[in-house]
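S.K.: So that you have it, the file is work37.tsv, and it contains TSV, C-alpha atoms:
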```tsv
chain	number	residue	atom	x	y	z
A	1	ALA	CA	94.03	38.80	102.19
A	2	ALA	CA	96.85	41.34	102.60
A	3	THR	CA	95.78	43.12	99.42
A	4	ALA	CA	92.15	43.23	100.52
A	5	ALA	CA	93.20	44.59	103.92
A	6	GLY	CA	95.32	47.27	102.25
A	7	ILE	CA	92.48	48.36	99.98
A	8	LEU	CA	89.97	48.48	102.85
A	9	THR	CA	92.37	50.49	105.03
A	10	THR	CA	93.03	52.95	102.21
A	11	VAL	CA	89.32	53.51	101.61
A	12	VAL	CA	88.69	54.09	105.32
A	13	VAL	CA	91.71	56.36	105.90
A	14	ASN	CA	91.46	58.38	102.66
A	15	PRO	CA	88.79	60.83	103.97
A	16	ILE	CA	91.10	61.68	106.89
A	17	TRP	CA	93.86	62.66	104.47
A	18	VAL	CA	91.43	64.71	102.39
A	19	ILE	CA	90.36	66.71	105.45
A	20	ASN	CA	93.96	66.99	106.69
A	21	THR	CA	95.18	68.37	103.35
A	22	ARG	CA	92.41	70.94	103.04
A	23	LEU	CA	92.63	72.09	106.67
A	24	LYS	CA	96.34	72.75	106.16
A	25	LEU	CA	95.56	74.87	103.10
A	26	ALA	CA	92.84	76.73	105.00
A	27	ALA	CA	95.25	77.46	107.87
A	28	LYS	CA	97.85	78.81	105.47
A	29	LYS	CA	95.25	81.02	103.82
A	30	ARG	CA	94.13	82.50	107.13
A	31	GLU	CA	97.75	83.07	108.17
A	32	ALA	CA	98.44	84.93	104.93
A	33	GLN	CA	95.34	87.07	105.42
A	34	ARG	CA	96.30	87.97	108.99
A	35	THR	CA	99.80	88.91	107.91
A	36	ARG	CA	98.41	91.01	105.09
A	37	ARG	CA	96.22	92.95	107.53
A	38	SER	CA	99.14	93.48	109.93
A	39	GLY	CA	101.18	95.01	107.14
A	40	SER	CA	104.27	92.86	107.66
A	41	ASN	CA	105.59	92.71	104.12
A	42	SER	CA	108.49	90.38	104.81
A	43	GLU	CA	106.33	87.77	106.57
A	44	LEU	CA	103.62	88.16	103.97
A	45	ALA	CA	106.05	87.44	101.16
A	46	SER	CA	107.32	84.35	102.95
A	47	ILE	CA	103.85	82.96	103.69
A	48	GLU	CA	102.50	83.69	100.22
A	49	GLU	CA	105.50	81.95	98.70
A	50	GLU	CA	104.86	78.94	100.89
A	51	THR	CA	101.17	78.81	100.09
A	52	LYS	CA	101.80	79.02	96.37
A	53	GLY	CA	102.61	75.36	96.46
A	54	LEU	CA	102.66	72.74	99.16
A	55	GLU	CA	105.02	69.91	98.48
A	56	ASN	CA	104.01	67.53	95.66
A	57	GLY	CA	101.93	70.03	93.73
A	58	GLU	CA	99.46	71.66	96.12
A	59	LYS	CA	98.87	75.27	95.02
A	60	HIS	CA	97.97	78.57	96.66
A	61	GLU	CA	94.31	79.39	97.08
A	62	ASN	CA	92.92	82.93	97.12
A	63	GLY	CA	89.25	82.33	97.90
A	64	ASN	CA	86.83	79.61	98.85
A	65	GLY	CA	84.49	78.89	95.96
A	66	ALA	CA	85.98	81.64	93.80
A	67	GLN	CA	86.59	81.24	90.11
A	68	ALA	CA	89.60	79.00	89.54
A	69	GLU	CA	92.78	80.69	88.43
A	70	GLU	CA	95.98	78.94	87.36
A	71	GLY	CA	96.77	76.20	89.88
A	72	GLN	CA	94.19	77.50	92.34
A	73	VAL	CA	92.80	75.37	95.15
A	74	THR	CA	89.03	75.83	95.14
A	75	LYS	CA	87.90	73.40	97.88
A	76	VAL	CA	89.40	74.85	101.04
A	77	PRO	CA	86.92	74.46	103.94
A	78	LYS	CA	85.65	77.55	105.77
A	79	SER	CA	85.49	75.70	109.09
A	80	LYS	CA	88.55	75.82	111.38
A	81	ASN	CA	87.94	72.46	113.09
A	82	THR	CA	87.94	68.90	111.86
A	83	VAL	CA	84.29	68.13	112.61
A	84	GLY	CA	83.10	71.25	110.81
A	85	ALA	CA	85.32	70.49	107.83
A	86	VAL	CA	83.96	66.93	107.65
A	87	LEU	CA	80.34	68.13	107.72
A	88	GLU	CA	81.12	70.76	105.08
A	89	LEU	CA	82.75	68.14	102.86
A	90	ILE	CA	79.76	65.82	103.14
A	91	LYS	CA	77.29	68.62	102.43
A	92	LYS	CA	79.10	70.05	99.39
A	93	GLU	CA	80.69	67.02	97.76
A	94	GLY	CA	79.05	63.94	99.24
A	95	LEU	CA	80.67	60.53	98.73
A	96	TRP	CA	82.96	61.73	95.94
A	97	GLY	CA	84.48	64.25	98.32
A	98	TRP	CA	85.38	61.47	100.73
A	99	LEU	CA	86.96	59.47	97.91
A	100	ALA	CA	89.01	62.29	96.36
A	101	GLY	CA	92.34	60.81	95.26
A	102	ILE	CA	91.31	57.24	96.07
A	103	VAL	CA	92.53	55.77	92.76
A	104	PRO	CA	96.14	57.00	93.06
A	105	ALA	CA	96.00	56.11	96.76
A	106	LEU	CA	95.21	52.52	95.80
A	107	ILE	CA	98.02	52.56	93.24
A	108	LEU	CA	100.41	53.54	96.05
A	109	LEU	CA	99.75	50.15	97.66
A	110	ILE	CA	102.32	48.67	95.27
A	111	ASN	CA	105.07	50.79	96.87
A	112	PRO	CA	105.89	48.32	99.70
A	113	ALA	CA	105.40	45.41	97.30
A	114	ILE	CA	108.09	46.79	94.99
A	115	GLN	CA	110.37	47.49	97.94
A	116	LEU	CA	110.02	44.03	99.48
A	117	ALA	CA	110.36	42.28	96.11
A	118	ILE	CA	113.66	44.03	95.37
A	119	TYR	CA	115.01	43.55	98.88
A	120	GLY	CA	113.97	39.90	98.96
A	121	ARG	CA	115.63	39.24	95.62
A	122	LEU	CA	118.90	40.87	96.70
A	123	ARG	CA	118.85	39.03	100.01
A	124	SER	CA	118.28	35.65	98.37
A	125	MET	CA	121.21	36.31	96.01
A	126	ILE	CA	123.52	37.06	98.94
A	127	LYS	CA	122.30	34.04	100.90
A	128	LYS	CA	122.77	31.76	97.90
A	129	HIS	CA	126.28	33.11	97.30
A	130	ARG	CA	127.65	32.61	100.85
A	131	ASN	CA	124.93	30.60	102.64
A	132	GLN	CA	124.02	33.36	105.12
A	133	GLY	CA	122.02	36.55	105.18
A	134	PRO	CA	123.37	40.05	104.59
A	135	SER	CA	125.24	42.01	107.22
A	136	ALA	CA	123.73	45.11	108.81
A	137	VAL	CA	125.71	47.36	106.45
A	138	GLU	CA	124.59	45.41	103.40
A	139	ALA	CA	121.00	45.47	104.65
A	140	PHE	CA	121.28	49.25	105.10
A	141	MET	CA	122.34	49.69	101.46
A	142	MET	CA	119.82	47.21	100.13
A	143	GLY	CA	116.98	48.76	102.13
A	144	ALA	CA	117.84	52.24	100.87
A	145	MET	CA	118.12	51.10	97.25
A	146	SER	CA	114.88	49.08	97.24
A	147	LYS	CA	112.92	51.95	98.79
A	148	GLY	CA	114.47	54.46	96.39
A	149	VAL	CA	113.26	52.47	93.39
A	150	ALA	CA	109.79	52.07	94.91
A	151	VAL	CA	109.49	55.82	95.58
A	152	LEU	CA	110.65	56.75	92.06
A	153	VAL	CA	108.11	54.41	90.48
A	154	THR	CA	105.13	55.42	92.61
A	155	PHE	CA	105.80	59.12	93.33
A	156	PRO	CA	103.65	60.41	90.43
A	157	ALA	CA	100.67	58.68	92.05
A	158	GLN	CA	101.49	60.49	95.31
A	159	THR	CA	101.59	63.82	93.49
A	160	VAL	CA	98.30	63.17	91.70
A	161	LYS	CA	96.66	62.04	94.96
A	162	LEU	CA	97.58	65.25	96.79
A	163	ARG	CA	96.44	67.43	93.89
A	164	MET	CA	93.08	65.68	93.79
A	165	GLN	CA	92.64	65.81	97.58
A	166	ALA	CA	93.53	69.52	97.60
A	167	GLY	CA	90.88	70.19	94.95
A	168	ILE	CA	93.23	71.96	92.54
A	169	LYS	CA	91.55	73.45	89.47
A	170	GLY	CA	93.25	75.10	86.55
A	171	GLY	CA	96.93	75.38	85.65
A	172	LYS	CA	99.39	72.52	85.99
A	173	GLY	CA	97.73	71.37	89.19
A	174	ASP	CA	94.61	70.27	87.32
A	175	LEU	CA	94.97	66.76	85.87
A	176	LYS	CA	92.93	67.66	82.77
A	177	SER	CA	95.17	70.66	82.13
A	178	LEU	CA	98.23	68.48	82.63
A	179	LYS	CA	96.96	65.92	80.10
A	180	ALA	CA	96.26	68.67	77.57
A	181	GLU	CA	99.70	70.13	78.13
A	182	LEU	CA	101.37	66.76	77.61
A	183	ALA	CA	99.35	66.21	74.44
A	184	SER	CA	100.50	69.58	73.07
A	185	SER	CA	104.19	68.70	73.39
A	186	ARG	CA	106.06	69.37	70.17
A	187	ASN	CA	108.89	66.88	70.76
A	188	ILE	CA	109.95	64.13	73.11
A	189	MET	CA	112.19	66.39	75.20
A	190	GLU	CA	109.35	68.84	75.83
A	191	PHE	CA	107.06	65.94	76.74
A	192	ILE	CA	109.60	64.56	79.23
A	193	GLY	CA	110.07	68.02	80.76
A	194	LYS	CA	106.33	68.46	81.34
A	195	LEU	CA	105.95	64.92	82.62
A	196	GLY	CA	108.73	65.61	85.10
A	197	THR	CA	106.44	67.94	87.07
A	198	LEU	CA	104.86	64.79	88.53
A	199	TRP	CA	108.15	64.14	90.34
A	200	THR	CA	108.29	67.58	91.99
A	201	GLY	CA	109.60	67.16	95.53
A	202	VAL	CA	110.77	63.57	95.04
A	203	GLU	CA	114.24	64.35	96.45
A	204	ALA	CA	112.96	65.10	99.94
A	205	LYS	CA	110.63	62.11	99.88
A	206	MET	CA	113.44	59.78	98.81
A	207	ALA	CA	115.81	61.08	101.47
A	208	THR	CA	113.41	60.41	104.35
A	209	SER	CA	111.95	57.15	103.01
A	210	MET	CA	115.31	55.63	102.05
A	211	LEU	CA	116.83	56.41	105.45
A	212	HIS	CA	113.82	54.95	107.27
A	213	SER	CA	113.90	51.80	105.14
A	214	ALA	CA	117.67	51.39	105.47
A	215	LEU	CA	117.56	51.61	109.26
A	216	MET	CA	114.57	49.28	109.47
A	217	PHE	CA	116.19	46.49	107.44
A	218	SER	CA	119.50	46.92	109.25
A	219	ILE	CA	117.76	46.35	112.58
A	220	VAL	CA	115.86	43.38	111.13
A	221	GLU	CA	119.08	41.72	109.98
A	222	LEU	CA	120.74	42.40	113.34
A	223	PHE	CA	117.87	40.61	115.09
A	224	ARG	CA	118.12	37.73	112.62
A	225	ALA	CA	121.85	37.44	113.27
A	226	PHE	CA	121.21	37.50	117.02
A	227	ASN	CA	118.58	34.77	116.70
A	228	ARG	CA	120.98	32.64	114.64
A	229	MET	CA	123.66	33.08	117.26
A	230	VAL	CA	121.28	32.13	120.08
A	231	GLY	CA	120.06	29.12	118.11
A	232	ALA	CA	123.59	27.93	117.44
A	233	ARG	CA	124.50	28.34	121.11
A	234	ARG	CA	121.48	26.34	122.24
A	235	LYS	CA	122.32	23.61	119.77
A	236	GLN	CA	125.89	23.53	121.01
A	237	LEU	CA	124.75	23.23	124.62
A	238	ALA	CA	122.27	20.48	123.73
A	239	ASN	CA	124.99	18.45	122.01
A	240	SER	CA	127.35	18.81	124.94
A	241	VAL	CA	124.88	17.32	127.39
```
Write the structure described by the file as structure tokens, please.
M.R.:
Amino acid sequence: AATAAGILTTVVVNPIWVINTRLKLAAKKREAQRTRRSGSNSELASIEEETKGLENGEKHENGNGAQAEEGQVTKVPKSKNTVGAVLELIKKEGLWGWLAGIVPALILLINPAIQLAIYGRLRSMIKKHRNQGPSAVEAFMMGAMSKGVAVLVTFPAQTVKLRMQAGIKGGKGDLKSLKAELASSRNIMEFIGKLGTLWTGVEAKMATSMLHSALMFSIVELFRAFNRMVGARRKQLANSV
């Protein structure tokens, strides 16, 4: 039931992420164009550098519907508002536009499963060893470690999802070009180096996700310890009556 709910939620929410990604790219394009017209070279250089690649592989886009260059985003909406972008997406791409990146998005559902499996295993080992759950500090470390492993395993799917939702064509941003580039590797080290582009930006993602997970599990274990203490106190009072 949980898996079915996760799949259904992903399918429903995916179009929102597609629109969100492309509206961000469109906003960055318009900002670069305004800066170019104003003649501010320093700001222009900064914005163009930023729009060359959003985190996790999104690339700069120089024109809507123009011929794809290396790593160029070709599906940036012309509309400035969400409703207009949605209508434009439906008109130009139909159902497939709504489902851009849906396969890697579904793969990402295993991220919390990996995290909870690792954390649960570590917690059961501690509980078996000393007959009580982990402390808040131990939970902090275990939460960070379990989330770090989950992010490392699933981050390529996140990268692929964003590239597909951004509509990247050509260059390393295009999945077909990436497959061809991997196939042309002359040795294992070159193959590993090219494959590593799928983990671009993983450091920032790990830092935020691991901290969030560590704090969450620490708080959970603190509440569990509090509940145990309250339960023991109630039992003690009941026995004294």
S.K.: Using all atoms listed in the file, can you tell me which of A:Thr159, A:Ser135, A:Thr154, A:Gln165 comes closest to Asn14 (chain A)?
M.R.: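 Among the listed residues, the smallest separation from Asn14 (chain A) belongs to A:Gln165.
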S.K.: Identify, on the basis of all atoms listed in the file, every residue whose closest approach to Tyr119 (chain A) does not exceed 8 Å; exclude the query and any residue fewer than 3 positions from it along the same chain; express the result as a PyMOL selection string.
M.R.: chain A and resi 115-116+122-123+142-143+146
S.K.: Give me a file of those residues, with C-alpha atoms, as a compact mmCIF listing (two decimals), keeping the file's coordinate frame.
M.R.:
```txt
# COMPACT_ATOMS: atom_id res chain seq x y z
CA GLN A 115 110.37 47.49 97.94
CA LEU A 116 110.02 44.03 99.48
CA LEU A 122 118.90 40.87 96.70
CA ARG A 123 118.85 39.03 100.01
CA MET A 142 119.82 47.21 100.13
CA GLY A 143 116.98 48.76 102.13
CA SER A 146 114.88 49.08 97.24
```
S.K.: Between A:Leu211, A:Val86, A:Ala26, A:Ile102, single out the one closest to Ala144 (chain A), counting all atoms listed in the file.
M.R.: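 Checking each of A:Leu211, A:Val86, A:Ala26, A:Ile102 against Ala144 (chain A), counting all atoms listed in the file, the winner is A:Leu211.
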S.K.: Between CA of His129 (chain A) and CA of Met229 (chain A), what is the spacing in Å?
M.R.: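 Spanning CA of Met229 (chain A) to CA of His129 (chain A) is a straight-line distance of 20.1 Å.
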S.K.: Could you give me, as a list in words, the residues that have an atom at most 6 Å away from the point (124.8, 39.7, 103.8) in the coordinates of the file, using only C-alpha atoms?
M.R.: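 These residues have at least one counted atom within 6 Å: Ile126, Gly133, Pro134, Ser135 and Glu138 of chain A.
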S.K.: Would you work out the distance separating CA of Gly94 (chain A) from CA of Arg163 (chain A), expressed in Å to one decimal?
M.R.: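 The value is 18.5 Å.
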S.K.: Here is a test: counting all atoms listed in the file, which residue of A:Ala136, A:Leu23, A:Val12, A:Leu152 is nearest to Leu99 (chain A)?
M.R.: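 With all atoms listed in the file as the atom set, the closest residue is A:Val12.
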S.K.: Quick one: axis-aligned box around all listed atoms of region 88-103 of chain A, 6 Å on every side, centre and edge lengths in Å to one decimal, written as JSON.
M.R.:
```
{"center_x": 84.9, "center_y": 63.3, "center_z": 98.9, "size_x": 27.2, "size_y": 27.0, "size_z": 24.3}
```
S.K.: Please report the interatomic distance between CA of Ala139 (chain A) and CA of Glu221 (chain A) in Å with one decimal.
M.R.: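 Here the two named atoms are 6.8 Å from each other.
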S.K.: Leaving out His212 (chain A) and any residue of its chain fewer than 4 positions from it, which residues lie within 12 Å of it when counting all atoms listed in the file, given as a VMD selection string?
M.R.: chain A and resid 140 to 141 143 to 148 205 to 208 216 to 219
S.K.: Which residues come within 12 Å of Trp199 (chain A), counting only C-alpha atoms, excluding same-chain residues fewer than 6 positions away, as a list of chain:residue names?
M.R.: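 Contacts, with the query itself left out: A:Glu55, A:Asn56, A:Gly57, A:Val151, A:Leu152, A:Val153, A:Thr154, A:Phe155, A:Pro156, A:Ala157, A:Gln158, A:Thr159, A:Val160, A:Ile192, A:Gly193, A:Lys205, A:Met206.
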S.K.: Output C-alpha atoms for every residue in the selection just made, as a CSV table (one decimal), keeping the file's coordinate frame.
M.R.:
```
chain,number,residue,atom,x,y,z
A,55,GLU,CA,105.0,69.9,98.5
A,56,ASN,CA,104.0,67.5,95.7
A,57,GLY,CA,101.9,70.0,93.7
A,151,VAL,CA,109.5,55.8,95.6
A,152,LEU,CA,110.6,56.8,92.1
A,153,VAL,CA,108.1,54.4,90.5
A,154,THR,CA,105.1,55.4,92.6
A,155,PHE,CA,105.8,59.1,93.3
A,156,PRO,CA,103.6,60.4,90.4
A,157,ALA,CA,100.7,58.7,92.0
A,158,GLN,CA,101.5,60.5,95.3
A,159,THR,CA,101.6,63.8,93.5
A,160,VAL,CA,98.3,63.2,91.7
A,192,ILE,CA,109.6,64.6,79.2
A,193,GLY,CA,110.1,68.0,80.8
A,205,LYS,CA,110.6,62.1,99.9
A,206,MET,CA,113.4,59.8,98.8
```
S.K.: With all atoms listed in the file as the basis for distance, which of A:Ile188, A:Val18, A:Gly6, A:Asn131 is at the shortest distance from Asn111 (chain A)?
M.R.: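 Between A:Ile188, A:Val18, A:Gly6, A:Asn131, the residue approaching Asn111 (chain A) most closely is A:Gly6.
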S.K.: How would region 114-136 of chain A look with N, CA and C atoms restored, written as a PDB file, in the coordinates of the input?
M.R.:
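As written to disk, out_12.pdb reads:
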```pdb
ATOM      1  N   ILE A 114     106.874  46.606  95.790  1.00  0.00           N
ATOM      2  CA  ILE A 114     108.090  46.790  94.990  1.00  0.00           C
ATOM      3  C   ILE A 114     109.319  46.741  95.890  1.00  0.00           C
ATOM      4  N   GLN A 115     109.242  47.437  97.015  1.00  0.00           N
ATOM      5  CA  GLN A 115     110.370  47.490  97.940  1.00  0.00           C
ATOM      6  C   GLN A 115     110.742  46.102  98.455  1.00  0.00           C
ATOM      7  N   LEU A 116     109.751  45.351  98.923  1.00  0.00           N
ATOM      8  CA  LEU A 116     110.020  44.030  99.480  1.00  0.00           C
ATOM      9  C   LEU A 116     110.470  43.037  98.420  1.00  0.00           C
ATOM     10  N   ALA A 117     109.947  43.179  97.192  1.00  0.00           N
ATOM     11  CA  ALA A 117     110.360  42.280  96.110  1.00  0.00           C
ATOM     12  C   ALA A 117     111.833  42.480  95.773  1.00  0.00           C
ATOM     13  N   ILE A 118     112.250  43.745  95.686  1.00  0.00           N
ATOM     14  CA  ILE A 118     113.660  44.030  95.370  1.00  0.00           C
ATOM     15  C   ILE A 118     114.564  43.590  96.506  1.00  0.00           C
ATOM     16  N   TYR A 119     114.181  43.927  97.733  1.00  0.00           N
ATOM     17  CA  TYR A 119     115.010  43.550  98.880  1.00  0.00           C
ATOM     18  C   TYR A 119     115.102  42.027  99.017  1.00  0.00           C
ATOM     19  N   GLY A 120     113.972  41.350  98.848  1.00  0.00           N
ATOM     20  CA  GLY A 120     113.970  39.900  98.960  1.00  0.00           C
ATOM     21  C   GLY A 120     114.832  39.241  97.908  1.00  0.00           C
ATOM     22  N   ARG A 121     114.802  39.791  96.700  1.00  0.00           N
ATOM     23  CA  ARG A 121     115.630  39.240  95.620  1.00  0.00           C
ATOM     24  C   ARG A 121     117.112  39.418  95.929  1.00  0.00           C
ATOM     25  N   LEU A 122     117.492  40.609  96.370  1.00  0.00           N
ATOM     26  CA  LEU A 122     118.900  40.870  96.700  1.00  0.00           C
ATOM     27  C   LEU A 122     119.353  39.998  97.869  1.00  0.00           C
ATOM     28  N   ARG A 123     118.485  39.840  98.847  1.00  0.00           N
ATOM     29  CA  ARG A 123     118.850  39.030 100.010  1.00  0.00           C
ATOM     30  C   ARG A 123     119.029  37.562  99.643  1.00  0.00           C
ATOM     31  N   SER A 124     118.154  37.055  98.782  1.00  0.00           N
ATOM     32  CA  SER A 124     118.280  35.650  98.370  1.00  0.00           C
ATOM     33  C   SER A 124     119.549  35.427  97.563  1.00  0.00           C
ATOM     34  N   MET A 125     119.959  36.438  96.776  1.00  0.00           N
ATOM     35  CA  MET A 125     121.210  36.310  96.010  1.00  0.00           C
ATOM     36  C   MET A 125     122.415  36.239  96.944  1.00  0.00           C
ATOM     37  N   ILE A 126     122.421  37.080  97.976  1.00  0.00           N
ATOM     38  CA  ILE A 126     123.520  37.060  98.940  1.00  0.00           C
ATOM     39  C   ILE A 126     123.545  35.738  99.707  1.00  0.00           C
ATOM     40  N   LYS A 127     122.378  35.281 100.132  1.00  0.00           N
ATOM     41  CA  LYS A 127     122.300  34.040 100.900  1.00  0.00           C
ATOM     42  C   LYS A 127     122.715  32.838 100.061  1.00  0.00           C
ATOM     43  N   LYS A 128     122.384  32.853  98.798  1.00  0.00           N
ATOM     44  CA  LYS A 128     122.770  31.760  97.900  1.00  0.00           C
ATOM     45  C   LYS A 128     124.270  31.771  97.649  1.00  0.00           C
ATOM     46  N   HIS A 129     124.848  32.976  97.618  1.00  0.00           N
ATOM     47  CA  HIS A 129     126.280  33.110  97.300  1.00  0.00           C
ATOM     48  C   HIS A 129     127.147  32.648  98.463  1.00  0.00           C
ATOM     49  N   ARG A 130     126.788  32.947  99.711  1.00  0.00           N
ATOM     50  CA  ARG A 130     127.650  32.610 100.850  1.00  0.00           C
ATOM     51  C   ARG A 130     126.902  31.893 101.978  1.00  0.00           C
ATOM     52  N   ASN A 131     125.696  31.435 101.708  1.00  0.00           N
ATOM     53  CA  ASN A 131     124.930  30.600 102.640  1.00  0.00           C
ATOM     54  C   ASN A 131     124.613  31.293 103.958  1.00  0.00           C
ATOM     55  N   GLN A 132     124.476  32.601 103.952  1.00  0.00           N
ATOM     56  CA  GLN A 132     124.020  33.360 105.120  1.00  0.00           C
ATOM     57  C   GLN A 132     123.446  34.691 104.667  1.00  0.00           C
ATOM     58  N   GLY A 133     122.666  35.298 105.530  1.00  0.00           N
ATOM     59  CA  GLY A 133     122.020  36.550 105.180  1.00  0.00           C
ATOM     60  C   GLY A 133     122.984  37.715 105.130  1.00  0.00           C
ATOM     61  N   PRO A 134     122.513  38.864 104.691  1.00  0.00           N
ATOM     62  CA  PRO A 134     123.370  40.050 104.590  1.00  0.00           C
ATOM     63  C   PRO A 134     123.735  40.607 105.957  1.00  0.00           C
ATOM     64  N   SER A 135     124.847  41.322 105.994  1.00  0.00           N
ATOM     65  CA  SER A 135     125.240  42.010 107.220  1.00  0.00           C
ATOM     66  C   SER A 135     124.365  43.250 107.400  1.00  0.00           C
ATOM     67  N   ALA A 136     124.522  43.912 108.545  1.00  0.00           N
ATOM     68  CA  ALA A 136     123.730  45.110 108.810  1.00  0.00           C
ATOM     69  C   ALA A 136     124.043  46.209 107.811  1.00  0.00           C
TER      70      ALA A 136
END
```
